[in-house]
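Participant: Sending over a structure as structure tokens; questions will come in a sec.
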Amino acid sequence: NGEPLFREERNYRYFLRLWAKYIEPVAETYAYCLLTNRFHFLVHIRETETGPISEIGSVLVASRQFSNLFIAYAKAFHEAYDRTGSLFESRFRRKLVGSDRYSAAPVAYTHRNPQKHGFVDDFCNWPYSS
């Protein structure tokens, strides 16, 4: 829809509070970056149980928590700005990242996004990044 996901500083803060509520119980966050119209998170989904179904169970629980996060944020955003309709253009995407020794590249990619997209001259100055 081309609209920003975050219009004001309070939007970023609220999204991160919801992140802590819904996602931190099911995923370890390695890196994140919130931009005006998108966000990137590098996470590791925690296991929910032992045994052969644990990976599937963990993904299902995490997927539900992401859905809860997006619904809660969209509802608050709609109320704050008197808007209706879809806030998020598309479903979130997941990419499998290899073992920890390869995670430096995705962390760097995540953190450099504000500079890449022209929000700041130096990505270290972006306040909505880990």
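Convention: chains lettered A, B, ... in structure tokens order; per-chain residue numbering from 1; ligands numbered from 1 as shown.
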Just asking: which residues within chain A are alpha helix (DSSP H) according to DSSP, as a ChimeraX atom specification?
Facilitator: /A:9-22,54-81,104-116
Participant: Just list the residues in chain A DSSP gives strand (DSSP E or B) on the backbone, as a list in words.
Facilitator: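 Listing strand (DSSP E or B) positions across chain A yields Ala27, Glu28, Thr29, Tyr30, Ala31, Tyr32, Cys33, Leu34, Phe39, His40, Phe41, Leu42, Val43, His44, Ile45 and Ser129 of chain A.
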Participant: Residues as selected, N, CA and C atoms, written as a PDB file, in the first residue's frame, can you do that?
Facilitator:
ATOM      1  N   ALA A  27      11.532 -16.730  20.391  1.00  0.00           N
ATOM      2  CA  ALA A  27      12.693 -16.566  19.514  1.00  0.00           C
ATOM      3  C   ALA A  27      13.761 -15.711  20.181  1.00  0.00           C
ATOM      4  N   GLU A  28      14.999 -16.056  19.910  1.00  0.00           N
ATOM      5  CA  GLU A  28      16.126 -15.239  20.350  1.00  0.00           C
ATOM      6  C   GLU A  28      16.449 -14.263  19.224  1.00  0.00           C
ATOM      7  N   THR A  29      16.502 -12.991  19.521  1.00  0.00           N
ATOM      8  CA  THR A  29      16.769 -11.964  18.513  1.00  0.00           C
ATOM      9  C   THR A  29      18.257 -11.665  18.471  1.00  0.00           C
ATOM     10  N   TYR A  30      18.866 -11.864  17.294  1.00  0.00           N
ATOM     11  CA  TYR A  30      20.288 -11.564  17.105  1.00  0.00           C
ATOM     12  C   TYR A  30      20.489 -10.140  16.606  1.00  0.00           C
ATOM     13  N   ALA A  31      19.599  -9.665  15.760  1.00  0.00           N
ATOM     14  CA  ALA A  31      19.729  -8.314  15.201  1.00  0.00           C
ATOM     15  C   ALA A  31      18.371  -7.875  14.682  1.00  0.00           C
ATOM     16  N   TYR A  32      18.177  -6.552  14.655  1.00  0.00           N
ATOM     17  CA  TYR A  32      16.954  -6.017  14.063  1.00  0.00           C
ATOM     18  C   TYR A  32      17.207  -4.626  13.529  1.00  0.00           C
ATOM     19  N   CYS A  33      16.334  -4.212  12.619  1.00  0.00           N
ATOM     20  CA  CYS A  33      16.353  -2.853  12.098  1.00  0.00           C
ATOM     21  C   CYS A  33      14.941  -2.510  11.632  1.00  0.00           C
ATOM     22  N   LEU A  34      14.402  -1.425  12.175  1.00  0.00           N
ATOM     23  CA  LEU A  34      13.084  -0.945  11.771  1.00  0.00           C
ATOM     24  C   LEU A  34      13.276   0.273  10.884  1.00  0.00           C
ATOM     25  N   PHE A  39      10.872  -3.776   8.002  1.00  0.00           N
ATOM     26  CA  PHE A  39      11.745  -4.119   9.118  1.00  0.00           C
ATOM     27  C   PHE A  39      12.437  -5.431   8.815  1.00  0.00           C
ATOM     28  N   HIS A  40      13.573  -5.617   9.462  1.00  0.00           N
ATOM     29  CA  HIS A  40      14.352  -6.840   9.337  1.00  0.00           C
ATOM     30  C   HIS A  40      14.693  -7.320  10.742  1.00  0.00           C
ATOM     31  N   PHE A  41      14.527  -8.616  10.960  1.00  0.00           N
ATOM     32  CA  PHE A  41      14.921  -9.236  12.218  1.00  0.00           C
ATOM     33  C   PHE A  41      15.689 -10.505  11.899  1.00  0.00           C
ATOM     34  N   LEU A  42      16.754 -10.731  12.613  1.00  0.00           N
ATOM     35  CA  LEU A  42      17.501 -11.975  12.526  1.00  0.00           C
ATOM     36  C   LEU A  42      17.267 -12.696  13.847  1.00  0.00           C
ATOM     37  N   VAL A  43      16.576 -13.823  13.773  1.00  0.00           N
ATOM     38  CA  VAL A  43      16.174 -14.529  14.991  1.00  0.00           C
ATOM     39  C   VAL A  43      16.498 -16.012  14.899  1.00  0.00           C
ATOM     40  N   HIS A  44      16.520 -16.640  16.048  1.00  0.00           N
ATOM     41  CA  HIS A  44      16.600 -18.094  16.147  1.00  0.00           C
ATOM     42  C   HIS A  44      15.359 -18.539  16.910  1.00  0.00           C
ATOM     43  N   ILE A  45      14.560 -19.390  16.296  1.00  0.00           N
ATOM     44  CA  ILE A  45      13.331 -19.871  16.920  1.00  0.00           C
ATOM     45  C   ILE A  45      13.686 -20.884  18.006  1.00  0.00           C
ATOM     46  N   SER A 129      17.609   0.343  15.553  1.00  0.00           N
ATOM     47  CA  SER A 129      18.389  -0.814  15.156  1.00  0.00           C
ATOM     48  C   SER A 129      19.102  -1.356  16.389  1.00  0.00           C
TER      49      SER A 129
END
Participant: In terms of the shortest atom-to-atom distance over only C-alpha atoms, which of A:Tyr73, A:Ala80, A:Asn125, A:Gly85 is closest to A:Phe15?
Facilitator: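 Selected residue with least distance to A:Phe15: A:Tyr73.
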Participant: Determine the nearest neighbour of A:Val120 from the options A:Leu87, A:Leu35, A:Leu18, A:Glu24, counting only C-alpha atoms.
Facilitator: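 Closest to A:Val120 of all the choices is A:Leu35.
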Participant: Compile the contact shell of A:Arg13 as a list in words: residues with an atom at most 10 Å away, counting only C-alpha atoms, same-chain residues fewer than 6 positions apart removed.
Facilitator: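 Non-adjacent residues within range: Phe6, Trp19 and Tyr128 of chain A.
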Participant: Those same residues - N, CA and C atoms - I'd like them written as a PDB file, in the first residue's frame.
Facilitator:
ATOM      1  N   PHE A   6       5.768   3.000  10.255  1.00  0.00           N
ATOM      2  CA  PHE A   6       6.140   3.770  11.439  1.00  0.00           C
ATOM      3  C   PHE A   6       6.141   5.242  11.061  1.00  0.00           C
ATOM      4  N   TRP A  19       7.019  -6.649  20.181  1.00  0.00           N
ATOM      5  CA  TRP A  19       8.020  -7.670  19.845  1.00  0.00           C
ATOM      6  C   TRP A  19       8.442  -8.406  21.125  1.00  0.00           C
ATOM      7  N   TYR A 128      16.738   3.023  15.464  1.00  0.00           N
ATOM      8  CA  TYR A 128      15.794   1.907  15.547  1.00  0.00           C
ATOM      9  C   TYR A 128      16.428   0.617  15.049  1.00  0.00           C
TER      10      TYR A 128
END
Participant: Atom CA of A:Lys75 and atom CA of A:Glu8 are how many Å apart?
Facilitator: 16.0 Å
Participant: Quote the spacing between atom CA of A:Ala62 and atom CA of A:Lys21 in Å to one decimal place.
Facilitator: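 Between atom CA of A:Ala62 and atom CA of A:Lys21 the gap works out to 12.4 Å.
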Participant: Rounded to one decimal in Å, what is the spacing between atom CA of A:Gln65 and atom CA of A:Thr110?
Facilitator: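 Those two atoms sit 21.5 Å apart.
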Participant: What's the 8 Å shell around A:Thr36, counting only C-alpha atoms, without same-chain residues fewer than 6 positions away, as a PyMOL selection string?
Facilitator: chain A and resi 4-7
Participant: Would you write out those residues with N, CA and C atoms, as an mmCIF file, in the first residue's frame?
Facilitator:
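Wrote it out as out-v9.cif, contents follow:
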data_model
loop_
_atom_site.group_PDB
_atom_site.id
_atom_site.type_symbol
_atom_site.label_atom_id
_atom_site.label_comp_id
_atom_site.auth_asym_id
_atom_site.auth_seq_id
_atom_site.Cartn_x
_atom_site.Cartn_y
_atom_site.Cartn_z
ATOM 1 N N PRO A 4 3.789 4.308 5.238
ATOM 2 C CA PRO A 4 4.793 3.932 6.238
ATOM 3 C C PRO A 4 4.188 3.074 7.347
ATOM 4 N N LEU A 5 4.978 2.147 7.843
ATOM 5 C CA LEU A 5 4.570 1.340 8.992
ATOM 6 C C LEU A 5 4.798 2.092 10.295
ATOM 7 N N PHE A 6 5.768 3.000 10.255
ATOM 8 C CA PHE A 6 6.140 3.770 11.439
ATOM 9 C C PHE A 6 6.141 5.242 11.061
ATOM 10 N N ARG A 7 5.223 6.010 11.617
ATOM 11 C CA ARG A 7 5.123 7.441 11.305
ATOM 12 C C ARG A 7 5.843 8.308 12.330
#
Participant: For A:Arg112, which residue out of A:Glu79, A:Lys95, A:Ser86, A:Ser130 is the nearest one, using only C-alpha atoms?
Facilitator: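 Smallest distance to A:Arg112 is found for A:Ser130.
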